[in-house]
file upload.cif (mmCIF, C-alpha atoms)
data_start
#
loop_
_atom_site.label_atom_id
_atom_site.label_comp_id
_atom_site.auth_asym_id
_atom_site.auth_seq_id
_atom_site.Cartn_x
_atom_site.Cartn_y
_atom_site.Cartn_z
CA MET A 260 13.26 -2.07 -10.68
CA LYS A 261 11.22 -3.92 -13.30
CA ALA A 262 10.47 -6.56 -10.67
CA ILE A 263 8.96 -3.92 -8.40
CA SER A 264 6.82 -2.61 -11.24
CA ASN A 265 5.56 -6.12 -11.94
CA ILE A 266 4.77 -6.70 -8.26
CA LEU A 267 2.85 -3.43 -8.16
CA ASN A 268 0.80 -4.41 -11.20
CA ILE A 269 0.06 -7.91 -9.92
CA SER A 270 -0.79 -6.79 -6.38
CA ILE A 271 -2.69 -3.60 -7.10
CA PHE A 272 -6.14 -4.93 -6.20
CA ALA A 273 -5.12 -6.63 -2.96
CA LEU A 274 -2.97 -3.74 -1.80
CA LEU A 275 -5.47 -1.05 -2.64
CA LEU A 276 -7.47 -2.56 0.17
CA LEU A 277 -4.91 -1.03 2.57
CA SER A 278 -6.28 2.50 2.50
CA CYS A 279 -5.39 5.56 4.54
CA GLY A 280 -5.81 5.47 8.29
CA SER A 281 -4.44 7.22 11.35
CA LYS A 282 -0.90 8.57 11.44
CA GLU A 283 0.13 5.77 13.81
CA ASN A 284 -0.63 2.88 11.48
CA ALA A 285 1.12 1.49 8.45
CA SER A 286 -1.13 3.08 5.86
CA ARG A 287 0.26 6.58 6.42
CA PRO A 288 4.02 7.11 6.83
CA GLN A 289 5.80 10.21 8.04
CA THR A 290 7.04 12.35 5.16
CA GLY A 291 9.68 15.00 4.58
CA TYR A 292 12.49 12.55 3.83
CA LEU A 293 13.40 9.86 1.29
CA PHE A 294 15.22 6.54 1.42
CA VAL A 295 17.43 6.02 -1.64
CA PHE A 296 20.12 3.46 -2.45
CA GLY A 297 23.44 3.92 -4.22
CA ASP A 298 27.18 3.36 -3.71
CA ASP A 299 26.32 0.21 -1.73
CA SER A 300 24.62 2.32 0.95
CA CYS A 301 21.17 3.33 2.10
CA HIS A 302 20.82 7.11 2.29
CA CYS A 303 18.15 9.05 4.13
CA ILE A 304 17.82 12.45 2.46
CA THR A 305 15.44 15.41 2.43
CA TYR A 306 13.33 16.34 -0.58
CA ASP A 307 16.12 18.67 -1.77
CA ASP A 308 18.83 15.96 -1.49
CA THR A 309 20.27 17.16 1.83
CA PRO A 310 21.81 14.13 3.63
CA ILE A 311 20.31 13.16 6.99
CA PHE A 312 22.19 9.91 7.59
CA SER A 313 23.54 6.86 5.74
CA THR A 314 23.64 3.18 6.73
CA ASP A 315 24.85 -0.06 5.18
CA ASN A 316 21.33 -1.53 5.13
CA THR A 317 20.09 -3.15 1.95
CA ASN A 318 16.38 -2.44 2.49
CA SER A 319 14.30 -0.03 4.51
CA SER A 320 10.69 0.87 5.13
CA LEU A 321 9.63 4.47 5.61
CA PHE A 322 9.15 5.83 9.12
CA TYR A 323 5.95 5.02 10.96
CA ASN A 324 5.63 6.73 14.33
CA ASP A 325 9.39 7.56 14.16
CA ILE A 326 10.48 3.94 13.57
CA ALA A 327 11.70 2.34 10.32
CA THR A 328 12.24 -1.35 9.62
CA VAL A 329 15.67 -2.06 8.08
CA GLN A 330 17.44 -5.12 6.67
CA GLY A 331 21.15 -5.65 7.25
CA ARG A 332 23.61 -7.26 4.87
CA ASP A 333 23.24 -10.58 6.72
CA GLY A 334 19.56 -10.60 5.80
CA ASN A 335 18.28 -9.99 9.32
CA TRP A 336 15.85 -7.22 10.22
CA GLY A 337 15.89 -4.55 12.91
CA TYR A 338 14.58 -1.06 13.61
CA ILE A 339 16.06 2.45 13.58
CA ASN A 340 14.89 5.86 14.78
CA ARG A 341 14.71 9.12 12.82
CA LYS A 342 18.41 9.81 13.49
CA GLY A 343 19.44 6.47 12.00
CA GLU A 344 20.28 5.08 15.44
CA CYS A 345 19.47 1.49 16.39
CA LYS A 346 16.07 1.23 18.03
CA LEU A 347 16.00 -2.60 18.12
CA PRO A 348 18.98 -4.64 16.86
CA ALA A 349 18.78 -6.62 13.62
CA THR A 350 18.13 -10.01 15.18
CA TYR A 351 14.90 -10.94 13.42
CA GLU A 352 14.68 -13.33 10.47
CA ARG A 353 11.53 -11.54 9.32
CA ALA A 354 9.75 -8.43 10.54
CA THR A 355 6.96 -6.00 9.70
CA VAL A 356 6.76 -2.29 10.34
CA PHE A 357 5.26 -0.98 13.55
CA SER A 358 1.59 -0.16 13.33
CA GLU A 359 -0.56 0.96 16.25
CA GLY A 360 2.36 0.31 18.60
CA MET A 361 3.14 -3.27 17.57
CA ALA A 362 5.12 -5.16 14.92
CA TRP A 363 5.20 -8.85 13.99
CA VAL A 364 8.61 -10.58 14.07
CA ILE A 365 10.25 -13.99 13.91
CA LYS A 366 13.53 -14.84 15.64
CA GLN A 367 15.43 -17.99 14.78
CA GLY A 368 14.19 -20.78 17.00
CA ASP A 369 11.30 -18.72 18.42
CA MET A 370 7.63 -18.59 17.67
CA PRO A 371 6.41 -15.61 15.66
CA GLY A 372 4.96 -12.86 17.78
CA ALA A 373 3.96 -9.24 18.15
CA ILE A 374 6.41 -6.95 19.92
CA ASN A 375 6.00 -3.47 21.36
CA GLU A 376 8.45 -0.65 20.68
CA LYS A 377 10.70 -1.89 23.51
CA GLY A 378 10.97 -5.31 21.86
CA ASP A 379 8.80 -7.07 24.44
CA ILE A 380 6.70 -9.96 23.16
CA LYS A 381 3.01 -9.13 23.60
CA ILE A 382 1.38 -11.87 21.51
CA SER A 383 2.70 -15.28 20.44
CA LEU A 384 1.35 -17.24 17.48
CA ARG A 385 1.17 -20.99 16.91
CA ASP A 386 0.55 -22.86 13.66
CA ASN A 387 -0.15 -19.74 11.63
CA HIS A 388 0.60 -19.21 7.96
CA ALA A 389 0.77 -15.40 7.85
CA VAL A 390 -0.25 -12.30 9.77
CA ARG A 391 -0.64 -8.61 8.92
CA VAL A 392 -0.08 -5.50 11.03
CA PHE A 393 -2.80 -4.04 13.22
CA MET A 394 -5.24 -1.65 11.57
CA GLU A 395 -8.09 -0.22 13.65
CA GLY A 396 -7.19 -2.65 16.44
CA ARG A 397 -7.45 -5.77 14.28
CA ALA A 398 -4.76 -7.92 12.65
CA ALA A 399 -5.59 -10.23 9.77
CA VAL A 400 -4.20 -13.70 10.44
CA ALA A 401 -4.11 -16.85 8.28
CA ILE A 402 -3.99 -20.57 8.94
CA VAL A 403 -3.77 -23.53 6.59
CA LYS A 404 -6.57 -26.09 6.85
CA LYS A 405 -6.93 -28.99 4.45
CA LYS A 406 -4.40 -27.32 2.12
CA GLN A 407 -6.46 -24.12 2.00
CA VAL A 408 -5.37 -20.76 3.40
CA LEU A 409 -8.08 -19.28 5.62
CA TRP A 410 -8.07 -15.71 6.96
CA GLY A 411 -9.60 -14.22 10.11
CA PHE A 412 -8.78 -11.47 12.61
CA LEU A 413 -7.18 -11.05 16.04
CA ASP A 414 -7.50 -8.16 18.49
CA LYS A 415 -4.54 -6.54 20.25
CA ASN A 416 -4.75 -9.02 23.12
CA GLY A 417 -4.35 -11.92 20.70
CA ASN A 418 -7.99 -12.95 20.99
CA GLU A 419 -9.67 -14.42 17.92
CA ILE A 420 -12.36 -11.97 16.86
CA VAL A 421 -13.11 -13.47 13.46
CA LYS A 422 -12.55 -17.19 12.97
CA PRO A 423 -10.31 -17.99 9.96
CA GLN A 424 -12.87 -18.73 7.26
CA TYR A 425 -12.19 -16.38 4.34
CA LYS A 426 -10.12 -16.88 1.22
CA THR A 427 -8.86 -13.28 1.35
CA VAL A 428 -9.51 -10.25 3.54
CA SER A 429 -8.65 -6.57 3.43
CA ASP A 430 -7.55 -4.60 6.46
CA PHE A 431 -10.19 -2.60 8.29
CA ARG A 432 -10.97 0.94 7.17
CA LEU A 433 -13.67 3.09 8.72
CA GLY A 434 -14.89 0.06 10.68
CA LEU A 435 -15.37 -2.27 7.72
CA ALA A 436 -13.22 -4.88 5.99
CA ALA A 437 -13.80 -6.48 2.61
CA VAL A 438 -13.79 -10.29 2.77
CA GLN A 439 -13.80 -12.98 0.10
CA ASN A 440 -15.61 -16.22 0.88
CA MET A 441 -14.43 -19.63 -0.25
CA GLU A 442 -16.68 -19.40 -3.33
CA GLY A 443 -14.70 -16.35 -4.44
CA LYS A 444 -17.38 -13.72 -3.71
CA TRP A 445 -16.71 -10.48 -1.80
CA GLY A 446 -18.66 -8.69 0.90
CA TYR A 447 -18.01 -6.63 4.06
CA ILE A 448 -17.82 -7.33 7.80
CA ASN A 449 -17.60 -5.01 10.81
CA LEU A 450 -14.99 -5.00 13.59
CA ASN A 451 -16.89 -7.73 15.44
CA GLY A 452 -16.88 -10.01 12.40
CA GLU A 453 -20.57 -9.54 11.68
CA SER A 454 -21.60 -9.59 8.02
CA ILE A 455 -22.71 -6.09 7.03
CA ILE A 456 -22.95 -6.59 3.27
CA GLU A 457 -23.41 -10.11 1.93
CA CYS A 458 -20.67 -11.72 -0.18
CA LEU A 459 -22.15 -11.10 -3.63
CA TYR A 460 -19.39 -9.38 -5.59
CA ASP A 461 -16.53 -10.44 -7.84
CA ALA A 462 -14.40 -7.57 -6.46
CA ALA A 463 -14.85 -5.07 -3.61
CA TYR A 464 -12.79 -2.01 -2.69
CA PRO A 465 -12.80 -0.11 0.63
CA PHE A 466 -15.36 2.54 1.46
CA ASN A 467 -14.16 6.10 0.98
CA ASP A 468 -14.75 9.08 3.24
CA SER A 469 -18.04 9.77 1.46
CA GLY A 470 -19.36 6.34 2.48
CA LEU A 471 -19.15 4.86 -1.03
CA ALA A 472 -17.32 1.80 -2.36
CA ILE A 473 -16.61 0.40 -5.81
CA VAL A 474 -17.65 -3.21 -6.38
CA LYS A 475 -17.86 -5.50 -9.39
CA ALA A 476 -20.70 -7.90 -10.17
CA ASP A 477 -21.98 -9.49 -13.37
CA LYS A 478 -19.10 -7.95 -15.36
CA LYS A 479 -20.18 -4.42 -14.37
CA TYR A 480 -18.82 -1.97 -11.84
CA HIS A 481 -21.15 -0.42 -9.27
CA VAL A 482 -20.79 2.19 -6.56
CA ILE A 483 -22.57 1.12 -3.38
CA ASN A 484 -23.56 2.78 -0.10
CA ARG A 485 -22.66 1.38 3.31
CA ASP A 486 -26.01 -0.41 3.47
CA GLY A 487 -25.18 -2.24 0.23
CA SER A 488 -27.65 -0.33 -1.93
CA ILE A 489 -26.39 0.63 -5.40
CA ALA A 490 -25.79 4.35 -5.86
CA ARG A 491 -24.94 3.99 -9.56
CA SER A 492 -23.61 1.53 -12.14
CA HIS A 493 -20.96 1.87 -14.86
CA ASN A 494 -19.90 0.13 -18.05
CA TYR A 495 -16.16 0.70 -17.71
CA ASP A 496 -13.89 -2.29 -18.30
CA GLU A 497 -12.12 -1.51 -15.02
CA MET A 498 -12.47 0.95 -12.13
CA ILE A 499 -9.89 1.59 -9.41
CA PRO A 500 -10.49 4.05 -6.53
CA ASP A 501 -8.40 7.24 -6.56
CA GLY A 502 -9.55 9.27 -3.59
CA LEU A 503 -13.07 10.46 -4.39
CA TRP A 504 -12.36 9.88 -8.08
CA ALA A 505 -11.70 6.60 -9.87
CA ARG A 506 -9.24 5.57 -12.53
CA VAL A 507 -11.19 3.93 -15.34
CA ARG A 508 -10.26 1.76 -18.33
CA SER A 509 -12.22 1.56 -21.56
CA ASP A 510 -11.05 -0.08 -24.79
CA LYS A 511 -7.58 -0.62 -23.25
CA LEU A 512 -7.11 3.08 -22.48
CA TRP A 513 -7.16 4.82 -19.10
CA GLY A 514 -8.73 8.00 -17.76
CA TRP A 515 -10.71 9.23 -14.71
CA CYS A 516 -14.26 9.74 -13.55
CA ASP A 517 -15.48 11.75 -10.53
CA GLU A 518 -17.45 10.54 -7.51
CA ASN A 519 -20.69 10.98 -9.45
CA GLY A 520 -19.45 8.72 -12.23
CA GLN A 521 -19.00 11.55 -14.71
CA THR A 522 -16.00 11.19 -17.02
CA ILE A 523 -13.53 13.95 -16.10
CA ILE A 524 -10.53 12.83 -18.15
CA ALA A 525 -11.51 10.67 -21.11
CA PRO A 526 -9.70 7.32 -21.38
CA GLN A 527 -6.77 8.07 -23.67
CA PHE A 528 -3.60 6.91 -21.90
CA GLU A 529 -1.74 3.61 -22.18
CA GLU A 530 -1.48 3.53 -18.39
CA CYS A 531 -2.07 5.92 -15.52
CA ARG A 532 -1.29 6.04 -11.82
CA ALA A 533 -3.14 7.74 -9.00
CA PHE A 534 -3.62 11.42 -8.25
CA ASN A 535 -4.17 10.50 -4.58
CA GLN A 536 -4.35 13.95 -2.93
CA ALA A 537 -2.16 15.71 -5.52
CA ASP A 538 -3.12 17.85 -8.51
CA LEU A 539 -0.94 15.89 -10.96
CA ALA A 540 -0.91 12.21 -11.91
CA PRO A 541 1.52 10.07 -13.96
CA VAL A 542 0.38 8.86 -17.38
CA ARG A 543 2.11 6.72 -20.01
CA ILE A 544 1.99 8.02 -23.58
CA ARG A 545 3.71 6.10 -26.38
CA GLY A 546 5.88 4.22 -23.92
CA LYS A 547 7.11 7.20 -21.89
CA TRP A 548 5.74 8.71 -18.67
CA GLY A 549 4.69 12.29 -18.04
CA TYR A 550 2.11 14.02 -15.83
CA VAL A 551 -1.37 15.47 -16.38
CA ASP A 552 -3.41 17.86 -14.26
CA ARG A 553 -6.99 17.22 -13.13
CA LYS A 554 -8.31 18.54 -16.43
CA GLY A 555 -6.28 15.99 -18.38
CA LYS A 556 -3.77 18.52 -19.71
CA VAL A 557 -0.18 17.29 -20.02
CA VAL A 558 1.84 19.64 -17.80
CA ILE A 559 5.07 17.62 -17.52
CA LYS A 560 5.97 16.18 -20.91
CA ARG A 561 6.48 12.46 -21.53
CA GLN A 562 10.16 11.74 -20.89
CA PHE A 563 10.56 9.26 -18.04
CA THR A 564 11.15 5.50 -18.03
CA GLU A 565 9.05 5.32 -14.84
CA ALA A 566 7.05 7.94 -12.94
CA TYR A 567 5.19 7.70 -9.64
CA PRO A 568 2.51 9.82 -7.98
CA PHE A 569 3.37 12.90 -5.96
CA ILE A 570 3.74 12.84 -2.17
CA ASP A 571 4.01 16.31 -0.60
CA GLY A 572 4.90 17.91 -3.93
CA CYS A 573 7.67 15.40 -4.70
CA ALA A 574 7.56 12.51 -7.20
CA ALA A 575 9.96 9.64 -7.93
CA VAL A 576 10.99 9.28 -11.57
CA LYS A 577 13.40 7.05 -13.44
CA THR A 578 15.54 8.35 -16.28
CA GLY A 579 17.39 5.62 -18.10
CA THR A 580 18.61 3.34 -15.31
CA VAL A 581 18.77 5.82 -12.41
CA TRP A 582 16.24 7.43 -10.11
CA GLY A 583 15.63 10.98 -8.95
CA PHE A 584 12.77 13.21 -7.78
CA ILE A 585 10.94 16.12 -9.39
CA ASP A 586 8.67 18.92 -8.17
CA THR A 587 5.28 19.81 -9.64
CA LYS A 588 6.97 21.98 -12.31
CA GLY A 589 8.96 18.99 -13.56
CA CYS A 590 12.27 20.31 -12.21
CA PHE A 591 14.62 17.88 -10.49
CA THR A 592 14.89 18.43 -6.75
CA VAL A 593 17.03 15.29 -6.48
CA ASN A 594 19.08 14.65 -9.60
CA PRO A 595 18.75 11.18 -11.14
CA GLN A 596 21.69 9.31 -9.63
CA TYR A 597 20.39 6.52 -7.39
CA ASP A 598 20.25 2.82 -8.21
CA TYR A 599 16.87 2.28 -6.58
CA ILE A 600 14.38 3.73 -4.13
CA SER A 601 12.76 2.21 -1.08
CA GLN A 602 10.06 -0.14 -2.34
CA ASP A 603 7.95 1.03 0.57
CA TYR A 604 8.06 4.58 -0.80
CA LEU A 605 6.86 3.39 -4.21
CA TYR A 606 3.98 1.46 -2.66
CA GLN A 607 2.92 4.46 -0.60
CA ALA A 608 3.16 6.74 -3.62
CA MET A 609 0.84 4.37 -5.48
CA GLY A 610 -1.66 4.53 -2.62
CA LEU A 611 -1.13 0.84 -1.88
CA GLY A 612 -0.17 1.11 1.78
CA CYS A 613 2.98 -0.30 3.35
CA SER A 614 5.01 -2.92 1.49
CA MET A 615 6.21 -4.46 4.78
CA SER A 616 2.89 -5.02 6.51
CA THR A 617 2.67 -8.82 6.18
CA LEU A 618 4.71 -11.43 8.04
CA GLN A 619 4.89 -14.62 6.01
CA ILE A 620 5.40 -17.38 8.57
CA LYS A 621 5.19 -20.59 6.54
#
call {"tool": "encode", "arguments": {"input": "upload.cif", "output": "structure tokens"}}
result
Amino acid sequence: MKAISNILNISIFALLLLSCGSKENASRPQTGYLFVFGDDSCHCITYDDTPIFSTDNTNSSLFYNDIATVQGRDGNWGYINRKGECKLPATYERATVFSEGMAWVIKQGDMPGAINEKGDIKISLRDNHAVRVFMEGRAAVAIVKKKQVLWGFLDKNGNEIVKPQYKTVSDFRLGLAAVQNMEGKWGYINLNGESIIECLYDAAYPFNDSGLAIVKADKKYHVINRDGSIARSHNYDEMIPDGLWARVRSDKLWGWCDENGQTIIAPQFEECRAFNQADLAPVRIRGKWGYVDRKGKVVIKRQFTEAYPFIDGCAAVKTGTVWGFIDTKGCFTVNPQYDYISQDYLYQAMGLGCSMSTLQIK
């Protein structure tokens, strides 16, 4: 699981751009169940460890609109329903989750394309490098031109809405996407590809429900409005959105500030992970993980090798080499016994969106 932790750390900025959306897209899975792996099997269980079904798959996404993406022992991908029954057979070399009614797949010998939930090809791609799932009716798509990867957007009919021209793009949230130009500067475009906020920033996160976004420019972090005006500026070494709050780093230690920029929990932890919508968040103290409340008080003592944010009152933790789940009192609801947990669950717990939302074509 160390590899997953490293991926999470490396990818945190890019994946934080995949923020919450409607229940039908890949930023918000259905909850009430867990995918865990042990005894050479994939087990779907409830939060109190009641078995739902088991399969011989080696990898699985969570459920999105009652469909999960699964990988068989031969390496091919398919789809199952909430009962563990085959929805679409594992005939795809690569596949994403379904989002807004479509998923991207590649079959051996075929062009990559978008399928509907019946497996019908709705869009075919040619000469593309990568594509991401649909969010707010747009799919980010990449080509390679003169050895450079360029990103743009397609609509659900396969029409090019934004010509591939950006070094990196986020998915759309609340009608805006963050885009990085070829000079490395970030700004925002709308669903039609029109520039709404000029590419001026060294980093740019999505706008939250209050209409504010965190950006970085000239080695300082700023909070901006949707018109690009600066609401306030900060001197933190790093700021990462956490709902209406932000995780902040100062002098190599982590804490939190609120939406007004006021320090709520002073930077004091070696590492911290998101509250998201919960009242507790994981923090690392002297090499071990525990949990603090929104006042910064340690309420679950440092004891875990790994600890992830709560989803619906349940959090994944690692004790020694095995994984289990705890409730908000720190009591195990699923005893530590599993070899690993669905990587997609860990990404969602971190607020990073779906781990299977990109189809790498070339």
call {"tool": "resolve_selection", "arguments": {"input": "upload.cif", "expression": "the PyMOL selection byres ((chain A and resi 346) around 9)", "output": "ChimeraX atom specification"}}
result
/A:326-327,337-340,343-345,347-348,376-377
call {"tool": "atom_distance", "arguments": {"input": "upload.cif", "atom1": "atom CA of A:Leu611", "atom2": "atom CA of A:Ser469"}}
result
19.4 Å
call {"tool": "residues_near_point", "arguments": {"input": "upload.cif", "point": "(-0.7, -12.3, 7.6)", "cutoff": "7 Å", "atoms": "all atoms listed in the file", "output": "ChimeraX atom specification"}}
result
/A:389-391,399-401,617-619
call {"tool": "residues_around", "arguments": {"input": "upload.cif", "residues": "A:Tyr464", "least_positions_apart": "2", "cutoff": "12 Å", "atoms": "only C-alpha atoms", "output": "compact mmCIF listing (two decimals) with C-alpha atoms, keeping the file's coordinate frame"}}
result
# COMPACT_ATOMS: atom_id res chain seq x y z
CA ILE A 271 -2.69 -3.60 -7.10
CA PHE A 272 -6.14 -4.93 -6.20
CA ALA A 273 -5.12 -6.63 -2.96
CA LEU A 274 -2.97 -3.74 -1.80
CA LEU A 275 -5.47 -1.05 -2.64
CA LEU A 276 -7.47 -2.56 0.17
CA LEU A 277 -4.91 -1.03 2.57
CA SER A 278 -6.28 2.50 2.50
CA VAL A 428 -9.51 -10.25 3.54
CA SER A 429 -8.65 -6.57 3.43
CA ASP A 430 -7.55 -4.60 6.46
CA PHE A 431 -10.19 -2.60 8.29
CA ARG A 432 -10.97 0.94 7.17
CA LEU A 435 -15.37 -2.27 7.72
CA ALA A 436 -13.22 -4.88 5.99
CA ALA A 437 -13.80 -6.48 2.61
CA VAL A 438 -13.79 -10.29 2.77
CA GLN A 439 -13.80 -12.98 0.10
CA TRP A 445 -16.71 -10.48 -1.80
CA GLY A 446 -18.66 -8.69 0.90
CA TYR A 447 -18.01 -6.63 4.06
CA TYR A 460 -19.39 -9.38 -5.59
CA ASP A 461 -16.53 -10.44 -7.84
CA ALA A 462 -14.40 -7.57 -6.46
CA PHE A 466 -15.36 2.54 1.46
CA ASN A 467 -14.16 6.10 0.98
CA GLY A 470 -19.36 6.34 2.48
CA LEU A 471 -19.15 4.86 -1.03
CA ALA A 472 -17.32 1.80 -2.36
CA ILE A 473 -16.61 0.40 -5.81
CA VAL A 474 -17.65 -3.21 -6.38
CA LYS A 475 -17.86 -5.50 -9.39
CA TYR A 480 -18.82 -1.97 -11.84
CA HIS A 481 -21.15 -0.42 -9.27
CA VAL A 482 -20.79 2.19 -6.56
CA ILE A 483 -22.57 1.12 -3.38
CA MET A 498 -12.47 0.95 -12.13
CA ILE A 499 -9.89 1.59 -9.41
CA PRO A 500 -10.49 4.05 -6.53
CA ASP A 501 -8.40 7.24 -6.56
CA GLY A 502 -9.55 9.27 -3.59
CA ALA A 505 -11.70 6.60 -9.87
call {"tool": "residues_near_point", "arguments": {"input": "upload.cif", "point": "(-6.6, -9.1, 22.8)", "cutoff": "10 Å", "atoms": "only C-alpha atoms", "output": "compact mmCIF listing (two decimals) with C-alpha atoms, keeping the file's coordinate frame"}}
result
# COMPACT_ATOMS: atom_id res chain seq x y z
CA LYS A 381 3.01 -9.13 23.60
CA ILE A 382 1.38 -11.87 21.51
CA GLY A 396 -7.19 -2.65 16.44
CA ARG A 397 -7.45 -5.77 14.28
CA LEU A 413 -7.18 -11.05 16.04
CA ASP A 414 -7.50 -8.16 18.49
CA LYS A 415 -4.54 -6.54 20.25
CA ASN A 416 -4.75 -9.02 23.12
CA GLY A 417 -4.35 -11.92 20.70
CA ASN A 418 -7.99 -12.95 20.99
CA GLU A 419 -9.67 -14.42 17.92
CA ILE A 420 -12.36 -11.97 16.86
call {"tool": "residues_around", "arguments": {"input": "upload.cif", "residues": "stretch 515-524 of chain A", "least_positions_apart": "4", "cutoff": "6 Å", "atoms": "only C-alpha atoms", "output": "list in words"}}
result
Leu503, Trp504, Ala505, Arg506, Val507 and Gly555 of chain A
call {"tool": "write_last_selection", "arguments": {"input": "upload.cif", "atoms": "C-alpha atoms", "output": "PDB file, in the frame of the given file"}}
result
ATOM      1  CA  LEU A 503     -13.070  10.460  -4.390  1.00  0.00           C
ATOM      2  CA  TRP A 504     -12.360   9.880  -8.080  1.00  0.00           C
ATOM      3  CA  ALA A 505     -11.700   6.600  -9.870  1.00  0.00           C
ATOM      4  CA  ARG A 506      -9.240   5.570 -12.530  1.00  0.00           C
ATOM      5  CA  VAL A 507     -11.190   3.930 -15.340  1.00  0.00           C
ATOM      6  CA  GLY A 555      -6.280  15.990 -18.380  1.00  0.00           C
TER       7      GLY A 555
END
call {"tool": "residues_around", "arguments": {"input": "upload.cif", "residues": "A:Thr592", "least_positions_apart": "4", "cutoff": "6 Å", "atoms": "only C-alpha atoms", "output": "compact mmCIF listing (two decimals) with C-alpha atoms, keeping the file's coordinate frame"}}
result
# COMPACT_ATOMS: atom_id res chain seq x y z
CA ASP A 307 16.12 18.67 -1.77
CA PHE A 584 12.77 13.21 -7.78
CA ILE A 585 10.94 16.12 -9.39
call {"tool": "atom_distance", "arguments": {"input": "upload.cif", "atom1": "atom CA of A:Asn318", "atom2": "atom CA of A:Trp582"}}
result
16.0 Å
call {"tool": "residues_around", "arguments": {"input": "upload.cif", "residues": "A:Ser300", "least_positions_apart": "6", "cutoff": "7 Å", "atoms": "only C-alpha atoms", "output": "mmCIF file with C-alpha atoms, keeping the file's coordinate frame"}}
result
data_model
loop_
_atom_site.group_PDB
_atom_site.id
_atom_site.type_symbol
_atom_site.label_atom_id
_atom_site.label_comp_id
_atom_site.auth_asym_id
_atom_site.auth_seq_id
_atom_site.Cartn_x
_atom_site.Cartn_y
_atom_site.Cartn_z
ATOM 1 C CA SER A 313 23.540 6.860 5.740
ATOM 2 C CA THR A 314 23.640 3.180 6.730
ATOM 3 C CA ASP A 315 24.850 -0.060 5.180
ATOM 4 C CA ASN A 316 21.330 -1.530 5.130
#
call {"tool": "closest_residue", "arguments": {"input": "upload.cif", "among": "A:Leu450, A:Ile544, A:Leu293, A:Val392", "to": "A:Thr305", "atoms": "all atoms listed in the file"}}
result
A:Leu293
call {"tool": "residues_around", "arguments": {"input": "upload.cif", "residues": "A:Asp571", "least_positions_apart": "2", "cutoff": "12 Å", "atoms": "only C-alpha atoms", "output": "list in words"}}
result
Pro288, Gln289, Thr290, Gly291, Tyr292, Leu293, Thr305, Tyr306, Phe534, Asn535, Gln536, Ala537, Asp538, Leu539, Pro568, Phe569, Cys573, Ala574, Ala575, Phe584, Ile585, Asp586, Thr587, Gln607 and Ala608 of chain A
call {"tool": "axis_aligned_box", "arguments": {"input": "upload.cif", "around": "stretch 588-599 of chain A", "padding_each_side": "3 Å", "output": "lines of an AutoDock Vina configuration file"}}
result
center_x = 14.3
center_y = 12.1
center_z = -10.0
size_x = 20.7
size_y = 25.7
size_z = 13.1
call {"tool": "resolve_selection", "arguments": {"input": "upload.cif", "expression": "the PyMOL selection byres ((chain A and resi 375) around 9)", "output": "mmCIF file with C-alpha atoms, keeping the file's coordinate frame"}}
result
data_model
loop_
_atom_site.group_PDB
_atom_site.id
_atom_site.type_symbol
_atom_site.label_atom_id
_atom_site.label_comp_id
_atom_site.auth_asym_id
_atom_site.auth_seq_id
_atom_site.Cartn_x
_atom_site.Cartn_y
_atom_site.Cartn_z
ATOM 1 C CA PHE A 357 5.260 -0.980 13.550
ATOM 2 C CA GLY A 360 2.360 0.310 18.600
ATOM 3 C CA MET A 361 3.140 -3.270 17.570
ATOM 4 C CA ALA A 362 5.120 -5.160 14.920
ATOM 5 C CA ALA A 373 3.960 -9.240 18.150
ATOM 6 C CA ILE A 374 6.410 -6.950 19.920
ATOM 7 C CA GLU A 376 8.450 -0.650 20.680
ATOM 8 C CA LYS A 377 10.700 -1.890 23.510
ATOM 9 C CA GLY A 378 10.970 -5.310 21.860
ATOM 10 C CA ASP A 379 8.800 -7.070 24.440
ATOM 11 C CA ILE A 380 6.700 -9.960 23.160
ATOM 12 C CA LYS A 381 3.010 -9.130 23.600
#
call {"tool": "atom_distance", "arguments": {"input": "upload.cif", "atom1": "atom CA of A:Asp496", "atom2": "atom CA of A:Arg532"}}
result
16.4 Å
call {"tool": "closest_residue", "arguments": {"input": "upload.cif", "among": "A:Ile489, A:Leu321, A:Ala398, A:Met370", "to": "A:Arg385", "atoms": "only C-alpha atoms"}}
result
A:Met370
